[in-house]
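Trainee: Following this line is structure_22.txt, made up of compact mmCIF, C-alpha atoms:
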```
# COMPACT_ATOMS: atom_id res chain seq x y z
CA MET A 1 86.53 -160.72 -239.12
CA PHE A 2 87.26 -160.31 -235.40
CA LEU A 3 85.12 -157.17 -235.21
CA ASP A 4 82.28 -158.98 -236.98
CA ILE A 5 82.29 -161.61 -234.24
CA ILE A 6 82.32 -158.88 -231.58
CA TYR A 7 79.42 -157.03 -233.24
CA SER A 8 77.39 -160.21 -233.61
CA THR A 9 78.08 -161.30 -230.04
CA PHE A 10 77.22 -157.95 -228.48
CA GLY A 11 74.15 -157.72 -230.69
CA ALA A 12 72.97 -161.08 -229.34
CA ILE A 13 73.73 -160.06 -225.74
CA PHE A 14 71.68 -156.88 -226.08
CA LEU A 15 68.81 -158.76 -227.72
CA ILE A 16 68.74 -161.33 -224.90
CA THR A 17 68.95 -158.57 -222.30
CA GLY A 18 66.09 -156.83 -224.09
CA PHE A 19 64.01 -159.99 -223.88
CA VAL A 20 64.66 -160.24 -220.15
CA GLY A 21 63.82 -156.55 -219.87
CA CYS A 22 60.31 -157.26 -221.12
CA LEU A 23 59.65 -158.96 -217.79
CA LEU A 24 61.71 -156.73 -215.51
CA PRO A 25 60.41 -153.18 -215.24
CA ILE A 26 63.83 -151.70 -214.46
CA ILE A 27 65.34 -152.84 -217.78
CA PRO A 28 64.10 -151.11 -220.96
CA GLY A 29 63.58 -154.26 -223.06
CA PRO A 30 62.66 -153.09 -226.57
CA PRO A 31 65.20 -150.22 -226.71
CA LEU A 32 67.99 -152.57 -225.61
CA ALA A 33 66.92 -155.16 -228.17
CA LEU A 34 66.91 -152.45 -230.85
CA LEU A 35 70.41 -151.47 -229.79
CA GLY A 36 71.42 -155.11 -230.27
CA LEU A 37 70.00 -155.04 -233.79
CA ILE A 38 71.84 -151.81 -234.54
CA ILE A 39 75.13 -153.29 -233.30
CA ALA A 40 74.57 -156.43 -235.39
CA TYR A 41 73.95 -154.20 -238.43
CA PHE A 42 77.66 -153.35 -238.45
CA SER A 43 78.66 -157.00 -238.73
CA SER A 44 79.39 -158.24 -242.24
CA PHE A 45 77.85 -161.56 -241.19
CA SER A 46 74.34 -160.09 -241.13
CA VAL A 47 72.23 -158.57 -243.89
CA ILE A 48 70.18 -156.17 -241.78
CA THR A 49 69.27 -153.16 -243.89
CA GLY A 50 68.98 -149.51 -242.96
CA ASN A 51 65.25 -149.65 -243.73
CA THR A 52 64.86 -152.51 -241.27
CA LEU A 53 66.51 -150.38 -238.59
CA ILE A 54 64.26 -147.41 -239.37
CA TYR A 55 61.07 -149.50 -239.24
CA SER A 56 62.25 -151.29 -236.12
CA SER A 57 63.03 -147.97 -234.43
CA ILE A 58 59.55 -146.65 -235.18
CA VAL A 59 57.92 -149.83 -233.84
CA VAL A 60 60.06 -149.77 -230.69
CA ALA A 61 59.20 -146.11 -230.06
CA VAL A 62 55.47 -146.78 -230.45
CA VAL A 63 55.60 -149.91 -228.27
CA THR A 64 57.54 -148.08 -225.57
CA ILE A 65 54.91 -145.33 -225.48
CA ILE A 66 52.06 -147.87 -225.43
CA ASP A 67 53.77 -149.82 -222.65
CA PHE A 68 53.95 -146.68 -220.56
CA VAL A 69 50.41 -145.50 -221.31
CA ALA A 70 48.43 -148.80 -221.38
CA PRO A 71 48.44 -149.51 -217.64
CA LEU A 72 47.45 -145.89 -216.97
CA ILE A 73 44.55 -146.08 -219.42
CA PHE A 74 43.31 -149.43 -218.07
CA ALA A 75 43.64 -148.26 -214.47
CA LYS A 76 41.89 -144.93 -215.05
CA LYS A 77 39.07 -146.58 -216.99
CA PHE A 78 38.24 -148.77 -214.00
CA GLY A 79 38.95 -146.27 -211.23
CA GLY A 80 42.54 -147.27 -210.49
CA THR A 81 45.10 -144.91 -209.04
CA LYS A 82 48.84 -144.41 -209.07
CA TYR A 83 48.95 -146.48 -205.87
CA GLY A 84 47.80 -149.48 -207.87
CA LEU A 85 50.41 -148.83 -210.56
CA TYR A 86 53.19 -148.49 -208.01
CA GLY A 87 51.95 -151.60 -206.27
CA ALA A 88 51.91 -153.56 -209.54
CA THR A 89 55.50 -152.57 -210.26
CA LEU A 90 56.64 -153.46 -206.76
CA GLY A 91 54.66 -156.71 -206.96
CA LEU A 92 56.48 -157.65 -210.16
CA ILE A 93 59.88 -156.97 -208.63
CA VAL A 94 59.07 -159.11 -205.59
CA GLY A 95 57.33 -161.70 -207.77
CA ILE A 96 60.49 -162.31 -209.80
CA PHE A 97 61.89 -164.21 -206.82
CA PHE A 98 58.93 -166.60 -206.94
CA GLY A 99 59.30 -167.80 -210.50
CA PRO A 100 56.72 -167.64 -213.29
CA PHE A 101 53.76 -167.55 -210.92
CA GLY A 102 55.31 -164.63 -209.05
CA VAL A 103 55.89 -162.72 -212.27
CA ILE A 104 52.24 -163.22 -213.24
CA GLY A 105 50.61 -162.92 -209.81
CA GLY A 106 52.95 -160.35 -208.26
CA PRO A 107 51.68 -157.36 -210.25
CA PHE A 108 48.07 -158.20 -209.43
CA ILE A 109 48.73 -158.70 -205.72
CA GLY A 110 50.83 -155.53 -205.64
CA ALA A 111 48.16 -153.49 -207.43
CA PHE A 112 45.50 -154.81 -205.05
CA ALA A 113 47.65 -153.99 -202.02
CA GLY A 114 48.38 -150.52 -203.40
CA GLU A 115 44.70 -149.80 -203.96
CA LEU A 116 43.86 -151.08 -200.48
CA LEU A 117 46.44 -148.72 -199.00
CA ARG A 118 44.68 -145.84 -200.71
CA ASN A 119 41.13 -146.88 -199.85
CA ILE A 120 41.08 -149.52 -197.12
CA ARG A 121 37.31 -149.83 -196.82
CA ASP A 122 36.36 -150.64 -200.39
CA THR A 123 37.90 -154.03 -201.25
CA LYS A 124 35.54 -154.52 -204.20
CA LYS A 125 36.72 -151.29 -205.84
CA ALA A 126 40.34 -152.11 -205.00
CA PHE A 127 39.96 -155.54 -206.62
CA LYS A 128 38.36 -154.06 -209.75
CA SER A 129 41.03 -151.41 -210.23
CA ALA A 130 43.81 -153.90 -209.40
CA TRP A 131 42.43 -156.21 -212.05
CA ALA A 132 42.37 -153.39 -214.61
CA THR A 133 45.93 -152.36 -213.72
CA PHE A 134 47.03 -155.97 -214.04
CA ILE A 135 45.40 -156.35 -217.47
CA GLY A 136 47.09 -153.14 -218.63
CA PHE A 137 50.40 -154.39 -217.31
CA LEU A 138 49.99 -157.73 -219.12
CA PHE A 139 49.03 -155.93 -222.32
CA GLY A 140 52.15 -153.76 -222.17
CA SER A 141 54.39 -156.72 -221.36
CA GLY A 142 52.80 -158.75 -224.13
CA ILE A 143 53.42 -156.20 -226.84
CA LYS A 144 57.00 -155.78 -225.61
CA LEU A 145 57.59 -159.54 -225.79
CA ILE A 146 56.12 -159.72 -229.30
CA THR A 147 58.24 -156.77 -230.45
CA VAL A 148 61.48 -158.10 -228.99
CA GLY A 149 60.66 -161.56 -230.34
CA ALA A 150 60.33 -160.02 -233.80
CA LEU A 151 63.66 -158.20 -233.40
CA ILE A 152 65.32 -161.47 -232.38
CA TRP A 153 63.73 -163.12 -235.41
CA VAL A 154 65.19 -160.39 -237.66
CA TYR A 155 68.60 -160.84 -236.03
CA VAL A 156 68.67 -164.61 -236.43
CA GLY A 157 67.22 -164.42 -239.94
CA SER A 158 69.86 -161.92 -240.98
CA PHE A 159 72.56 -164.55 -240.70
CA PHE A 160 70.88 -167.05 -243.00
```
Reformat the file's structure so that it appears as structure tokens.
Mentor:
Amino acid sequence: MFLDIIYSTFGAIFLITGFVGCLLPIIPGPPLALLGLIIAYFSSFSVITGNTLIYSSIVVAVVTIIDFVAPLIFAKKFGGTKYGLYGATLGLIVGIFFGPFGVIGGPFIGAFAGELLRNIRDTKKAFKSAWATFIGFLFGSGIKLITVGALIWVYVGSFF
């Protein structure tokens, strides 16, 4: 009984940390949320099945790969560079301190600044590639949020 409470509590903590990790690039959101689901599996309070864990693991692996590749694909398609990607990541980290608008605008501003550092003369090209990097970043973050939201839904639903 006591261990069931511990498993359920730590499962919830990892799921919440995974959700936060969808917005912070230094925290691997979906893998942490999956770990929370795996921990909760061992609680007799939940009815999470082994098949659910297998399917969830596959989805998390695919989403993690897409999250890594999507900004690269979007940036390359529109002429972006690694400077824009680094700038977007740095912009997000700084943007966290400015609330929701910082989290949304920070990656774009950072990508734009990164592209300008690479090619100072061409602001139009820097804007275009920053926009593409930003869209790729939002796409990756969006699929992570949806995935972790689904894992949280499975966790909560497993208790009822």
Trainee: What's the 8 Å shell around Phe139 (chain A), counting only C-alpha atoms, without same-chain residues fewer than 3 positions away, as an MDAnalysis selection string?
Mentor: chainID A and resid 67 70:71 135:136 142:143
Trainee: Using only C-alpha atoms, which of the listed residues (A:Thr64, A:Pro25, A:Tyr41, A:Leu32) sits closest to Leu85 (chain A)?
Mentor: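 Among the listed residues, A:Pro25 lies closest to Leu85 (chain A).
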Trainee: Skipping near chain neighbours, those fewer than 3 positions away, what residues fall within 12 Å of Val148 (chain A) using only C-alpha atoms, listed as an MDAnalysis selection string?
Mentor: chainID A and resid 12 14:23 28:37 56:57 59:60 63:64 141:145 151:155
Trainee: Which centre and edge lengths in Å to one decimal define the box along x, y and z that fits every listed atom of region 66-69 of chain A plus 6 Å per side, as JSON?
Mentor:
```
{"center_x": 52.2, "center_y": -147.7, "center_z": -223.0, "size_x": 15.5, "size_y": 16.3, "size_z": 16.9}
```
Trainee: Residues near Thr89 (chain A), anyone? I mean within 12 Å using all atoms listed in the file, not counting same-chain ones fewer than 2 positions away, as a PyMOL selection string.
Mentor: chain A and resi 23-26+68+71+82-87+91-96+103-114+130+133-134+136-138+141
Trainee: Residues around (79.4, -153.3, -239.5), cut-off 12 Å, counting only C-alpha atoms - what are they as a ChimeraX atom specification?
Mentor: /A:1-8,11,37-50
Trainee: Could you please determine the separation between CA of Ala61 (chain A) and CA of Gly140 (chain A) in Å, to one decimal place?
Mentor: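 Rounded to one decimal, the two atoms are 13.1 Å apart.
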Trainee: Between CA of Gly80 (chain A) and CA of Lys124 (chain A), what is the spacing in Å?
Mentor: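 CA of Gly80 (chain A) lies at a distance of 11.9 Å from CA of Lys124 (chain A).
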